[in-house]
Structure formats: structure tokens, C-alpha cells
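Following: one structure in C-alpha cells, then a few remarks.
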Amino acid sequence: MNEAAAKALVGRTGWLAAQPVWLRDAVLAGSRLRGYEADQFTFHAGDEPGGMYGVVDGGVGILVPSGGQDLALCHVMRRGTWFGYGPVLSVGGRRKMTFKAVEKSHLLHLPLHELTAIGTGRPEFFRSLAALHDMTFMMSAVRVVGDLLIRSGEKRIAAVLARIAKREPDEADQQPWPVRLSQADIGLMSNSSRDRVNRALAKFVKAGWITTDFKMVEVKQLSELERFALE
């Protein structure tokens, strides 16, 4: 993955694709491509303010406190999703959330000084970031809660797999993303026991909806998983 190709992909996907040309060009011009290995953190809650990140490929997990001080994976962000802009929306604020690559990933990083320079004299930029917050994190929270409210454990598991494998509707390639998660991760995300996750995955494999390997799920029939989750 080279930087020019990464910028072309992200520039036509998700939030950035819907922005005015001047804003899109400024964000892409100031961004630099970074690679992350699986389980590598981008930053932790409480870290000093920094720049924002846009997902190019792979996936970045949102980690939230669960059961005291433990952090649990609740969602995986895919291509076109941007995060890390919180400190510029709350002056003097530190990082409020923790993010890590759940698989080998490429991200565009817009440093903090570039981020603030783009917004100088352009209040509409910060309004766009506030709208991005609603689009990304508020909607993600609604989807996570909605999945957890499903009564059937099997259907919760199907809903989680479908949610984190699905691509943005404006992407040309609509093949689902591979899902690199352990059974323990899937259990946490769906509030299900490991035994229930194991049985559900075996059922989905038998139906031809997914294939599995070590810490990897390939979704073959996304529409079937979604249909099953909503029955």
C-alpha cells in the first residue's frame, strides 16, 4: 500500500468523501500513511492530545471499560472511518478513548498541528468534525447497543459478525471484510459464553455463511447473517 493509493481510497469513502473539496484536499495533503500490526495500539485514554486517524484497510477496535478497569472490544472501524479528533473539540482535553489495530492495518495520520491549521479561520471545519462524531461514534454506539438487546445469543453473534464485516455502502468492493477476532472477543462483543460462540460459529459454518480459521472468520454470505440476526 503506497500513500497515494491510500489517499485515493479514503478520499472517496465515508466521511471524507462527503466533504467540500477544499476540506478533503487539505486533510489528505496533511496526512501521512502509517502501518500498524495486529494488537498495536494507536493511543490510550489519558494520553496527550494528538492528531486524527483515518482507516485505510484492516480494522481498528474501539476499547471501552468493562468490569472495573478491564478494557473490552466493542466495535471495529473500517475504511473511511476517522477518529482521534476529540482533543480539538474540547480545548485542553486529553485522549478520552483507547484504540488498537485488531489486524494488520494501514491508517492515514493527520498530525495535531496540521489539524489545527486546517481549522484556523474555518469554523465550518470544526462543525464538520462535530458531525463526524455523531456519525461515527453515536451511530456505532446505537448499533452496539441494538445488537446487545437481541435476546437470542446466536442472533447476537450473527449481528456482531455482520456489523464488523460489512463495508461502507459507497465502496466499490462489497466483499465483506475478514474478521480477525478470537472466540473470547466475539463472546465479549455479543455478551455470550465461549461455548455458545463455538456452537454458533459451527452452525454458521455448516450453513455456508462463514468459514473459520485461527482467530479469523471469513463471511461468505453477509445477507444471510443479517437476515438471521433480524428474524
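Identifiers in the C-alpha cells: chain A, B, ... in order shown; residue index from 1 per chain; ligand index from 1 in order shown.
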
Contacts of stretch 121-132 of chain A at 10 Å or less, counting only C-alpha atoms, minus same-chain residues fewer than 2 places along, as a ChimeraX atom specification? /A:14-16,19-20,23,81-83,85-86,88-89,115-119,134-138

Would you kindly return, as a PyMOL selection string, each protein, DNA or RNA residue with an atom no farther than 8 Å from any atom of A:Val60, considering only C-alpha atoms and excluding same-chain residues fewer than 6 positions away? chain A and resi 76-78+99-103+105

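Distances from A:Asp47, A:Asn2, A:Cys74, A:Gly59 to A:Ala141 were compared using only C-alpha atoms, and the smallest one belongs to A:Cys74.
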
Cut-off 9 Å: closest stretch 41-80 of chain A/stretch 184-190 of chain A atom pairs per residue, using only C-alpha atoms, as JSON lines:
```
{"residue": "A:Ala72", "atom": "CA", "partner": "A:Leu188", "partner_atom": "CA", "distance": 7.0}
{"residue": "A:Leu73", "atom": "CA", "partner": "A:Met189", "partner_atom": "CA", "distance": 6.5}
{"residue": "A:Cys74", "atom": "CA", "partner": "A:Met189", "partner_atom": "CA", "distance": 5.4}
{"residue": "A:His75", "atom": "CA", "partner": "A:Met189", "partner_atom": "CA", "distance": 7.6}
```

Write a file of the selected residues as an mmCIF file, in the first residue's frame, keeping N, CA and C atoms.
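Saved as part19.cif:
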```cif
data_model
loop_
_atom_site.group_PDB
_atom_site.id
_atom_site.type_symbol
_atom_site.label_atom_id
_atom_site.label_comp_id
_atom_site.auth_asym_id
_atom_site.auth_seq_id
_atom_site.Cartn_x
_atom_site.Cartn_y
_atom_site.Cartn_z
ATOM 1 N N ALA A 72 -12.651 -3.717 27.069
ATOM 2 C CA ALA A 72 -13.279 -4.710 26.202
ATOM 3 C C ALA A 72 -13.497 -4.112 24.823
ATOM 4 N N LEU A 73 -13.284 -4.926 23.804
ATOM 5 C CA LEU A 73 -13.537 -4.512 22.427
ATOM 6 C C LEU A 73 -15.042 -4.438 22.199
ATOM 7 N N CYS A 74 -15.522 -3.307 21.659
ATOM 8 C CA CYS A 74 -16.963 -3.186 21.422
ATOM 9 C C CYS A 74 -17.312 -2.998 19.947
ATOM 10 N N HIS A 75 -16.353 -2.505 19.144
ATOM 11 C CA HIS A 75 -16.658 -2.283 17.735
ATOM 12 C C HIS A 75 -15.358 -2.232 16.953
#
```

Stretch 29-43 of chain A: which residues within 10 Å, counting only C-alpha atoms, same-chain residues fewer than 4 positions away excluded, as number ranges by chain? A: 1-4, 6-7, 23-25, 47-61, 84, 95-111, 113-115, 117-118, 180

Can those selected residues be exported to a file as a PDB file, in the first residue's frame so that it contains C-alpha atoms?
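Written out: result-v3.pdb:
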```pdb
ATOM      1  CA  MET A   1       0.000   0.000   0.000  1.00  0.00           C
ATOM      2  CA  ASN A   2       1.543   3.328  -1.058  1.00  0.00           C
ATOM      3  CA  GLU A   3       0.473   6.716   0.277  1.00  0.00           C
ATOM      4  CA  ALA A   4      -1.069   7.998  -2.956  1.00  0.00           C
ATOM      5  CA  ALA A   6      -4.251   5.088   0.354  1.00  0.00           C
ATOM      6  CA  LYS A   7      -5.352   8.707  -0.007  1.00  0.00           C
ATOM      7  CA  LEU A  23     -11.532  20.261   3.207  1.00  0.00           C
ATOM      8  CA  ARG A  24     -10.935  16.866   1.627  1.00  0.00           C
ATOM      9  CA  ASP A  25      -7.822  18.097  -0.170  1.00  0.00           C
ATOM     10  CA  ASP A  47      -2.700  10.171  26.521  1.00  0.00           C
ATOM     11  CA  GLU A  48      -1.644  13.654  25.473  1.00  0.00           C
ATOM     12  CA  PRO A  49      -3.621  15.226  22.604  1.00  0.00           C
ATOM     13  CA  GLY A  50      -2.506  14.225  19.128  1.00  0.00           C
ATOM     14  CA  GLY A  51      -3.718  14.084  15.568  1.00  0.00           C
ATOM     15  CA  MET A  52      -6.572  12.197  13.959  1.00  0.00           C
ATOM     16  CA  TYR A  53      -6.521   8.945  12.014  1.00  0.00           C
ATOM     17  CA  GLY A  54      -8.405   7.581   9.018  1.00  0.00           C
ATOM     18  CA  VAL A  55      -8.658   3.840   8.416  1.00  0.00           C
ATOM     19  CA  VAL A  56      -7.363   2.742   5.002  1.00  0.00           C
ATOM     20  CA  ASP A  57      -7.508  -1.031   5.376  1.00  0.00           C
ATOM     21  CA  GLY A  58      -7.609  -3.632   8.128  1.00  0.00           C
ATOM     22  CA  GLY A  59      -9.617  -2.654  11.188  1.00  0.00           C
ATOM     23  CA  VAL A  60      -9.254  -0.541  14.339  1.00  0.00           C
ATOM     24  CA  GLY A  61     -11.030  -1.597  17.504  1.00  0.00           C
ATOM     25  CA  GLY A  84      -8.832  10.855  17.314  1.00  0.00           C
ATOM     26  CA  ARG A  95      -7.410  11.363  24.771  1.00  0.00           C
ATOM     27  CA  LYS A  96     -10.738  10.038  26.021  1.00  0.00           C
ATOM     28  CA  MET A  97     -10.801   6.599  24.403  1.00  0.00           C
ATOM     29  CA  THR A  98      -8.475   3.700  23.581  1.00  0.00           C
ATOM     30  CA  PHE A  99      -7.995   2.293  20.078  1.00  0.00           C
ATOM     31  CA  LYS A 100      -5.934  -0.575  18.676  1.00  0.00           C
ATOM     32  CA  ALA A 101      -5.499  -2.331  15.350  1.00  0.00           C
ATOM     33  CA  VAL A 102      -7.271  -5.682  15.540  1.00  0.00           C
ATOM     34  CA  GLU A 103      -5.427  -6.892  12.453  1.00  0.00           C
ATOM     35  CA  LYS A 104      -2.600  -5.621  10.265  1.00  0.00           C
ATOM     36  CA  SER A 105      -3.825  -2.181   9.203  1.00  0.00           C
ATOM     37  CA  HIS A 106      -2.893   0.975   7.345  1.00  0.00           C
ATOM     38  CA  LEU A 107      -4.043   4.361   8.654  1.00  0.00           C
ATOM     39  CA  LEU A 108      -3.683   7.938   7.471  1.00  0.00           C
ATOM     40  CA  HIS A 109      -2.435  10.155  10.297  1.00  0.00           C
ATOM     41  CA  LEU A 110      -3.173  13.886  10.297  1.00  0.00           C
ATOM     42  CA  PRO A 111      -0.872  15.453  12.947  1.00  0.00           C
ATOM     43  CA  HIS A 113      -0.582  20.914  14.081  1.00  0.00           C
ATOM     44  CA  GLU A 114      -1.980  20.143  10.613  1.00  0.00           C
ATOM     45  CA  LEU A 115      -5.417  19.559  12.091  1.00  0.00           C
ATOM     46  CA  ALA A 117      -4.026  24.722  10.861  1.00  0.00           C
ATOM     47  CA  ILE A 118      -6.864  23.463   8.646  1.00  0.00           C
ATOM     48  CA  ARG A 180      -9.807 -11.270  12.933  1.00  0.00           C
TER      49      ARG A 180
END
```

Can you list, as a PyMOL selection string, every residue of chain A that DSSP puts in strand (DSSP E or B)? chain A and resi 32-36+41-43+52-57+60-65+71-77+82-83+98-101+105-110+179+210-213+216-219

With only C-alpha atoms as the counted atoms, please give the residues lying no more than 8 Å from stretch 206-209 of chain A, apart from itself and same-chain residues fewer than 3 positions off, as a PyMOL selection string. chain A and resi 202-203+219-222+224-225

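Of the listed residues A:Thr211, A:Pro178, A:Arg227, A:Leu148, the one whose atoms come nearest to A:Ser192 is A:Leu148, with distances taken using only C-alpha atoms.
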
Would you mind writing down, as a short mmCIF file (atom, residue, chain, number, x, y, z; two decimals) with all heavy atoms, in the first residue's frame, each residue of stretch 61-155 of chain A that DSSP on the backbone assigns to alpha helix (DSSP H)?
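Wrote it out as part04.cif, contents follow:
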```
data_model
loop_
_atom_site.label_atom_id
_atom_site.label_comp_id
_atom_site.auth_asym_id
_atom_site.auth_seq_id
_atom_site.Cartn_x
_atom_site.Cartn_y
_atom_site.Cartn_z
N GLY A 86 -11.02 14.20 19.00
CA GLY A 86 -11.67 14.68 20.22
C GLY A 86 -10.98 15.85 20.89
O GLY A 86 -11.64 16.83 21.27
N PRO A 87 -9.64 15.81 21.07
CA PRO A 87 -8.98 16.91 21.78
C PRO A 87 -9.16 18.28 21.14
O PRO A 87 -9.14 19.30 21.84
CB PRO A 87 -7.50 16.48 21.76
CG PRO A 87 -7.55 14.99 21.73
CD PRO A 87 -8.74 14.68 20.85
N VAL A 88 -9.34 18.36 19.82
CA VAL A 88 -9.52 19.68 19.20
C VAL A 88 -10.94 20.19 19.39
O VAL A 88 -11.21 21.38 19.20
CB VAL A 88 -9.17 19.68 17.70
CG1 VAL A 88 -7.75 19.22 17.49
CG2 VAL A 88 -10.14 18.86 16.89
N LEU A 89 -11.86 19.30 19.78
CA LEU A 89 -13.23 19.73 20.05
C LEU A 89 -13.43 20.10 21.51
O LEU A 89 -14.44 20.71 21.87
CB LEU A 89 -14.22 18.62 19.65
CG LEU A 89 -14.26 18.27 18.16
CD1 LEU A 89 -15.24 17.12 17.92
CD2 LEU A 89 -14.64 19.48 17.32
N LEU A 112 -1.55 16.82 14.82
CA LEU A 112 -2.35 17.84 15.50
C LEU A 112 -2.11 19.23 14.93
O LEU A 112 -3.05 20.01 14.75
CB LEU A 112 -2.04 17.82 17.00
CG LEU A 112 -2.87 18.75 17.87
CD1 LEU A 112 -4.35 18.42 17.77
CD2 LEU A 112 -2.41 18.65 19.34
N HIS A 113 -0.85 19.57 14.60
CA HIS A 113 -0.58 20.91 14.08
C HIS A 113 -1.23 21.12 12.71
O HIS A 113 -1.68 22.22 12.38
CB HIS A 113 0.93 21.18 14.01
CG HIS A 113 1.66 20.39 12.98
ND1 HIS A 113 2.11 19.10 13.20
CD2 HIS A 113 2.01 20.68 11.68
CE1 HIS A 113 2.72 18.65 12.12
NE2 HIS A 113 2.66 19.58 11.18
N GLU A 114 -1.30 20.05 11.91
CA GLU A 114 -1.98 20.14 10.61
C GLU A 114 -3.49 20.27 10.82
O GLU A 114 -4.17 21.02 10.11
CB GLU A 114 -1.68 18.90 9.77
CG GLU A 114 -0.23 18.72 9.37
CD GLU A 114 0.14 19.57 8.17
OE1 GLU A 114 -0.71 20.35 7.70
OE2 GLU A 114 1.29 19.46 7.72
N LEU A 115 -3.98 19.54 11.78
CA LEU A 115 -5.42 19.56 12.09
C LEU A 115 -5.87 20.95 12.52
O LEU A 115 -6.88 21.48 12.02
CB LEU A 115 -5.69 18.54 13.19
CG LEU A 115 -7.12 18.28 13.65
CD1 LEU A 115 -8.00 17.86 12.51
CD2 LEU A 115 -7.12 17.21 14.74
N THR A 116 -5.11 21.57 13.42
CA THR A 116 -5.48 22.91 13.89
C THR A 116 -5.28 23.96 12.80
O THR A 116 -6.04 24.93 12.70
CB THR A 116 -4.68 23.28 15.15
OG1 THR A 116 -3.28 23.10 14.90
CG2 THR A 116 -5.07 22.40 16.32
N ALA A 117 -4.27 23.77 11.95
CA ALA A 117 -4.03 24.72 10.86
C ALA A 117 -5.19 24.72 9.87
O ALA A 117 -5.59 25.79 9.38
CB ALA A 117 -2.72 24.38 10.15
N ILE A 118 -5.74 23.54 9.58
CA ILE A 118 -6.86 23.46 8.65
C ILE A 118 -8.06 24.24 9.20
O ILE A 118 -8.79 24.91 8.46
CB ILE A 118 -7.25 22.00 8.39
CG1 ILE A 118 -6.15 21.28 7.63
CG2 ILE A 118 -8.57 21.91 7.61
CD1 ILE A 118 -6.36 19.78 7.52
N GLY A 119 -8.24 24.18 10.52
CA GLY A 119 -9.40 24.83 11.13
C GLY A 119 -9.23 26.31 11.39
O GLY A 119 -10.21 26.99 11.73
N PRO A 123 -14.38 27.92 10.79
CA PRO A 123 -15.22 27.28 11.81
C PRO A 123 -16.05 26.13 11.25
O PRO A 123 -16.43 25.21 11.99
CB PRO A 123 -16.13 28.42 12.29
CG PRO A 123 -16.08 29.45 11.20
CD PRO A 123 -14.71 29.34 10.60
N GLU A 124 -16.31 26.13 9.93
CA GLU A 124 -17.09 25.04 9.35
C GLU A 124 -16.35 23.71 9.45
O GLU A 124 -16.97 22.64 9.43
CB GLU A 124 -17.45 25.34 7.89
CG GLU A 124 -16.28 25.49 6.94
CD GLU A 124 -15.79 26.91 6.81
OE1 GLU A 124 -15.86 27.67 7.80
OE2 GLU A 124 -15.34 27.28 5.70
N PHE A 125 -15.00 23.77 9.56
CA PHE A 125 -14.24 22.53 9.71
C PHE A 125 -14.58 21.85 11.03
O PHE A 125 -14.76 20.64 11.10
CB PHE A 125 -12.74 22.83 9.63
CG PHE A 125 -11.87 21.62 9.87
CD1 PHE A 125 -11.98 20.49 9.08
CD2 PHE A 125 -10.94 21.62 10.89
CE1 PHE A 125 -11.17 19.38 9.29
CE2 PHE A 125 -10.12 20.52 11.11
CZ PHE A 125 -10.25 19.40 10.31
N PHE A 126 -14.67 22.64 12.09
CA PHE A 126 -14.98 22.06 13.40
C PHE A 126 -16.43 21.60 13.48
O PHE A 126 -16.74 20.62 14.16
CB PHE A 126 -14.65 23.07 14.50
CG PHE A 126 -13.19 23.41 14.54
CD1 PHE A 126 -12.72 24.62 14.06
CD2 PHE A 126 -12.26 22.50 15.02
CE1 PHE A 126 -11.38 24.92 14.07
CE2 PHE A 126 -10.91 22.80 15.04
CZ PHE A 126 -10.46 24.01 14.56
N ARG A 127 -17.31 22.28 12.76
CA ARG A 127 -18.70 21.79 12.69
C ARG A 127 -18.74 20.45 11.97
O ARG A 127 -19.52 19.56 12.33
CB ARG A 127 -19.58 22.82 11.96
CG ARG A 127 -19.87 24.07 12.78
CD ARG A 127 -21.04 24.85 12.20
NE ARG A 127 -20.73 25.41 10.89
CZ ARG A 127 -20.20 26.62 10.69
NH1 ARG A 127 -19.91 27.38 11.73
NH2 ARG A 127 -19.98 27.06 9.47
N SER A 128 -17.89 20.30 10.96
CA SER A 128 -17.83 19.04 10.23
C SER A 128 -17.31 17.92 11.14
O SER A 128 -17.80 16.78 11.10
CB SER A 128 -16.93 19.17 9.01
OG SER A 128 -16.84 17.95 8.31
N LEU A 129 -16.32 18.24 11.99
CA LEU A 129 -15.80 17.25 12.93
C LEU A 129 -16.86 16.86 13.97
O LEU A 129 -16.95 15.69 14.36
CB LEU A 129 -14.56 17.76 13.64
CG LEU A 129 -13.28 17.91 12.80
CD1 LEU A 129 -12.13 18.38 13.67
CD2 LEU A 129 -12.92 16.59 12.12
N ALA A 130 -17.65 17.84 14.40
CA ALA A 130 -18.72 17.53 15.35
C ALA A 130 -19.76 16.61 14.71
O ALA A 130 -20.26 15.66 15.35
CB ALA A 130 -19.38 18.81 15.84
N ALA A 131 -20.06 16.86 13.44
CA ALA A 131 -20.99 15.98 12.72
C ALA A 131 -20.38 14.59 12.54
O ALA A 131 -21.09 13.58 12.61
CB ALA A 131 -21.35 16.59 11.37
N LEU A 132 -19.08 14.55 12.30
CA LEU A 132 -18.38 13.28 12.18
C LEU A 132 -18.50 12.48 13.47
O LEU A 132 -18.69 11.26 13.44
CB LEU A 132 -16.91 13.52 11.84
CG LEU A 132 -15.96 12.32 11.88
CD1 LEU A 132 -16.40 11.25 10.89
CD2 LEU A 132 -14.53 12.76 11.59
N HIS A 133 -18.38 13.16 14.60
CA HIS A 133 -18.51 12.47 15.89
C HIS A 133 -19.88 11.80 16.00
O HIS A 133 -19.98 10.64 16.40
CB HIS A 133 -18.34 13.47 17.03
CG HIS A 133 -18.62 12.88 18.38
ND1 HIS A 133 -17.74 12.05 19.02
CD2 HIS A 133 -19.70 12.99 19.20
CE1 HIS A 133 -18.25 11.67 20.18
NE2 HIS A 133 -19.44 12.23 20.30
N MET A 139 -23.57 6.71 16.18
CA MET A 139 -24.22 5.64 15.44
C MET A 139 -23.61 4.28 15.78
O MET A 139 -24.32 3.27 15.87
CB MET A 139 -24.13 5.90 13.94
CG MET A 139 -25.01 7.04 13.46
SD MET A 139 -26.74 6.86 13.97
CE MET A 139 -27.18 5.30 13.17
N SER A 140 -22.29 4.24 16.02
CA SER A 140 -21.66 2.99 16.44
C SER A 140 -22.23 2.53 17.77
O SER A 140 -22.52 1.33 17.96
CB SER A 140 -20.14 3.16 16.56
OG SER A 140 -19.56 3.41 15.30
N ALA A 141 -22.40 3.47 18.70
CA ALA A 141 -22.96 3.12 20.00
C ALA A 141 -24.38 2.58 19.87
O ALA A 141 -24.74 1.59 20.53
CB ALA A 141 -22.95 4.34 20.92
N VAL A 142 -25.17 3.21 19.01
CA VAL A 142 -26.55 2.73 18.80
C VAL A 142 -26.54 1.31 18.24
O VAL A 142 -27.32 0.45 18.67
CB VAL A 142 -27.29 3.70 17.84
CG1 VAL A 142 -28.60 3.08 17.37
CG2 VAL A 142 -27.56 5.03 18.54
N ARG A 143 -25.65 1.05 17.28
CA ARG A 143 -25.59 -0.29 16.68
C ARG A 143 -25.12 -1.33 17.68
O ARG A 143 -25.63 -2.45 17.73
CB ARG A 143 -24.68 -0.26 15.46
CG ARG A 143 -25.24 0.58 14.31
CD ARG A 143 -24.19 0.88 13.28
NE ARG A 143 -23.74 -0.30 12.56
CZ ARG A 143 -22.67 -0.32 11.79
NH1 ARG A 143 -21.93 0.77 11.64
NH2 ARG A 143 -22.33 -1.41 11.16
N VAL A 144 -24.12 -0.97 18.50
CA VAL A 144 -23.61 -1.91 19.51
C VAL A 144 -24.71 -2.25 20.51
O VAL A 144 -24.94 -3.43 20.83
CB VAL A 144 -22.39 -1.31 20.24
CG1 VAL A 144 -22.04 -2.14 21.47
CG2 VAL A 144 -21.19 -1.24 19.29
N VAL A 145 -25.40 -1.23 21.01
CA VAL A 145 -26.47 -1.46 21.98
C VAL A 145 -27.60 -2.26 21.34
O VAL A 145 -28.16 -3.18 21.95
CB VAL A 145 -27.00 -0.12 22.54
CG1 VAL A 145 -28.25 -0.34 23.38
CG2 VAL A 145 -25.92 0.55 23.38
N GLY A 146 -27.94 -1.91 20.10
CA GLY A 146 -29.00 -2.64 19.41
C GLY A 146 -28.69 -4.12 19.28
O GLY A 146 -29.56 -4.98 19.50
N ASP A 147 -27.43 -4.45 18.96
CA ASP A 147 -27.04 -5.86 18.86
C ASP A 147 -27.15 -6.55 20.21
O ASP A 147 -27.59 -7.71 20.31
CB ASP A 147 -25.61 -5.98 18.34
CG ASP A 147 -25.48 -5.60 16.87
OD1 ASP A 147 -26.52 -5.47 16.20
OD2 ASP A 147 -24.34 -5.44 16.40
N LEU A 148 -26.75 -5.86 21.28
CA LEU A 148 -26.77 -6.47 22.60
C LEU A 148 -28.19 -6.68 23.14
O LEU A 148 -28.41 -7.50 24.03
CB LEU A 148 -25.97 -5.62 23.59
CG LEU A 148 -24.45 -5.63 23.40
CD1 LEU A 148 -23.79 -4.62 24.32
CD2 LEU A 148 -23.90 -7.03 23.65
N GLY A 153 -28.84 -15.55 21.82
CA GLY A 153 -27.38 -15.49 21.78
C GLY A 153 -26.84 -15.72 20.38
O GLY A 153 -25.92 -15.03 19.94
N GLU A 154 -27.38 -16.71 19.66
CA GLU A 154 -26.92 -16.98 18.30
C GLU A 154 -27.14 -15.78 17.39
O GLU A 154 -26.29 -15.45 16.56
CB GLU A 154 -27.65 -18.20 17.72
CG GLU A 154 -27.17 -19.54 18.24
CD GLU A 154 -27.80 -20.69 17.50
OE1 GLU A 154 -28.82 -20.46 16.80
OE2 GLU A 154 -27.30 -21.82 17.62
N LYS A 155 -28.28 -15.13 17.55
CA LYS A 155 -28.58 -13.97 16.70
C LYS A 155 -27.70 -12.78 17.06
O LYS A 155 -27.31 -11.99 16.19
CB LYS A 155 -30.06 -13.63 16.80
CG LYS A 155 -30.95 -14.70 16.17
CD LYS A 155 -32.42 -14.35 16.26
CE LYS A 155 -33.26 -15.45 15.61
NZ LYS A 155 -34.70 -15.15 15.64
#
```

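For the atom pair formed by atom CA of A:Val10 and atom CA of A:Leu181, the distance is 24.0 Å, given to one decimal.
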
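The shortest atom-to-atom distance to A:Pro176, with only C-alpha atoms taken into account, belongs to A:Val217 out of A:Ala5, A:Val64, A:Ala17, A:Val217.
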
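Taking atom CA of A:Ala165 as the reference point, atom CA of A:Val179 is found at 6.1 Å.
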
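The coordinates place atom CA of A:Thr13 at 7.4 Å from atom CA of A:Glu168.
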